[in-house]
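Here's the structure we're looking at; comments come further down.
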Amino acid sequence: MKRIVRSTLQTAANLVFFAIIGTAILAATHELTHEVIERTIEAEKLKLISQILPASDYDNDIMQDERCIEADTLLGTTSQTVAHVARRNGEAVAVVLEAIAPDGYSGKITLIMAIRANGELAGVRVVSHKETPGLGDYIDIAKNPWINVFVGKSRSVWGDAEWRVKKDGGQFEHMAGATITPRAVVKAVNRALLYFAQHREPLFAQNTAATDTGGHP
Amino acid sequence: MNATEFREIAHNGLWKQNPGLVQLLGLCPLLAISNSLVNAVSLGLATTLVMTLSSASIAPVRSYVPNEIRIPVFVLIIAVLVTVVQYLMNAYMYGLYVVLGIFIPLIVTNCIVLARAESFASKNPPLASALDGFMMGLGLTAVLAVLGGVRELIGKGTLLSGIDLALGEGAKDWVIHVIPDYHGFLLAILPPGAFIGLGLLIAGKNWLNLRAEAKVRNKPATTTMVGEAAQG
């Protein structure tokens, strides 16, 4: 019995030893890379934002002017997201929001969009999707400029009936044979605009809680 | 390690025991990520790096690891290395990191990595083990490259699309449009294309093997063997 306990303890100690070394290596790598990773992610996001909102439209540090947004059914989000506010001379001119279209042809379509203070869309981009290559993937700017149909659109002229693809009696063009994908995107953008209309004030409020905006997810 | 050993390990990894065509281990990433040449080679090289490092680090500690816990320890070492590679790719090759996505962390579960650790690195000296991991990885990368290249060519009519993600914006012009105004052949890009492509590659390798075997024997046998292999 004593021998079994002894050998078990020895084996366990051995495993713990390897686990400690492994953890140390990972901690060191994290320490070495996390700053670069944060900077890269921020630069990539800024690059994406510059596609949907011209940098000349605002003069603040848009990456710093951020606020956390709780999960919301209108945005289709299931966890916290980060919104960025663009200001010019201190006045809010646009907000960059993330939204998810949960009903794509094969799963979620993640979108990022810039909405101007007057409720007009400055631009929309698909961040990630799993739509069929060559069929539903024309929502991706790398494949097709379709996504630009949203530029300048708002809910002030068109109501819910118009915020649909043409096949459903709405105003949005789409390609024959792939309706589900654009339908999901149009619906998600429309809902996000609705969210914006309902949450305009808190979104544009000066960021008082700037001390802790939370880490990147 | 002498030259004969070296040649045998290299031959095993690249051809005789090729992970993608003979051992058929780690097919999940092989099938999922081989829809373009750049994706396929990138994941192949990441896997090669992990396999070389894991074999090289498992071999020196093999005598200190009790037999009962060798699998957990091997998995631990592999997981650590994969996470290090993931951190590095996230920091320095962000575009590729996003494209390969979940398949980078999934290298941990790629059974070819553990298989080489268990069947080779746990019984051989470090240098030979590192070489084995490297050659096995290269063998896998070669299969991925052929499969990715063929699928991209048939599916999209291009080669090297997305190279800018791996090597930066400057490489954007490297994309070769082999067939201009090609409308694409969806089947090749989707998962079935991967299965069909891999099946043809395996058939091709078996055919070459049989032909080589037949050559050793007499001539009339050659024709019948080739005929059978083509059907099989």
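In the structure tokens, each chain is lettered A, B, ... as it comes, each chain's residues begin at 1, and ligands are numbered from 1 in order of appearance.
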Who sits within 10 Å of Asn206 (chain B), only C-alpha atoms, same chain under 2 positions skipped, as a list in words: Leu21, Val22, Leu200, Leu201, Ile202, Ala203, Gly204, Leu208, Asn209, Leu210, Arg211, Ala212, Ala229, Ala230 and Gly232 of chain B
So which bits of region 27-72 of chain A end up strand (DSSP E or B) when you DSSP the backbone, as number ranges by chain? A: 66-69
Just need the residues of chain A within 9 Å of chain B, counting only C-alpha atoms, so spit them out as a compact mmCIF listing (two decimals) with C-alpha atoms, in the first residue's frame.
```txt
# COMPACT_ATOMS: atom_id res chain seq x y z
CA THR A 11 3.82 10.40 -10.77
CA ALA A 12 1.58 13.27 -9.74
CA ASN A 14 6.08 14.63 -12.20
CA LEU A 15 2.93 15.80 -13.98
CA PHE A 18 5.65 19.54 -16.42
CA ALA A 19 2.51 21.63 -15.94
CA GLY A 22 4.41 24.63 -19.51
CA THR A 23 2.59 27.40 -17.66
CA ILE A 25 6.54 29.12 -21.00
CA LEU A 26 3.01 30.26 -21.86
CA THR A 29 5.11 34.10 -24.41
CA HIS A 30 1.99 35.99 -23.42
CA THR A 33 3.39 39.14 -27.39
CA HIS A 34 0.30 40.63 -25.77
CA GLU A 35 1.24 44.23 -26.46
CA VAL A 36 1.94 43.49 -30.12
CA ILE A 37 -1.31 41.53 -30.36
CA GLU A 38 -3.35 44.35 -28.84
CA ARG A 39 -1.74 46.86 -31.16
CA THR A 40 -2.33 44.65 -34.21
CA ILE A 41 -5.98 44.08 -33.36
CA GLU A 44 -6.88 46.15 -37.94
CA THR A 132 -21.32 29.58 -49.54
CA PRO A 133 -18.27 30.65 -51.58
CA GLY A 134 -19.25 31.99 -54.97
CA LEU A 135 -22.91 32.15 -54.04
```
With region 5-16 of chain B as the partner and 10 Å as the cut-off, tabulate the residues of region 30-131 of chain B that qualify, each row holding the nearest pair of atoms and their distance in Å to one decimal, using only C-alpha atoms, sorted by chain and rising number, as a Markdown table.
```
| residue | atom | partner | partner_atom | distance |
| --- | --- | --- | --- | --- |
| B:Ala128 | CA | B:Phe6 | CA | 7.7 |
| B:Ser129 | CA | B:Ile9 | CA | 9.2 |
| B:Leu131 | CA | B:Ile9 | CA | 7.3 |
```
File dump, residues just selected, N, CA and C atoms, as a PDB file, in the first residue's frame:
```
ATOM      1  N   ALA B 128      17.167  12.766 -34.049  1.00  0.00           N
ATOM      2  CA  ALA B 128      16.394  11.938 -34.969  1.00  0.00           C
ATOM      3  C   ALA B 128      14.906  12.244 -34.835  1.00  0.00           C
ATOM      4  N   SER B 129      14.450  12.497 -33.586  1.00  0.00           N
ATOM      5  CA  SER B 129      13.034  12.792 -33.361  1.00  0.00           C
ATOM      6  C   SER B 129      12.640  14.095 -34.018  1.00  0.00           C
ATOM      7  N   LEU B 131      14.035  15.476 -36.543  1.00  0.00           N
ATOM      8  CA  LEU B 131      14.020  15.250 -37.983  1.00  0.00           C
ATOM      9  C   LEU B 131      12.752  14.517 -38.407  1.00  0.00           C
TER      10      LEU B 131
END
```
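Going from CA of Ile102 (chain B) to CA of Gly44 (chain B) covers 14.3 Å.
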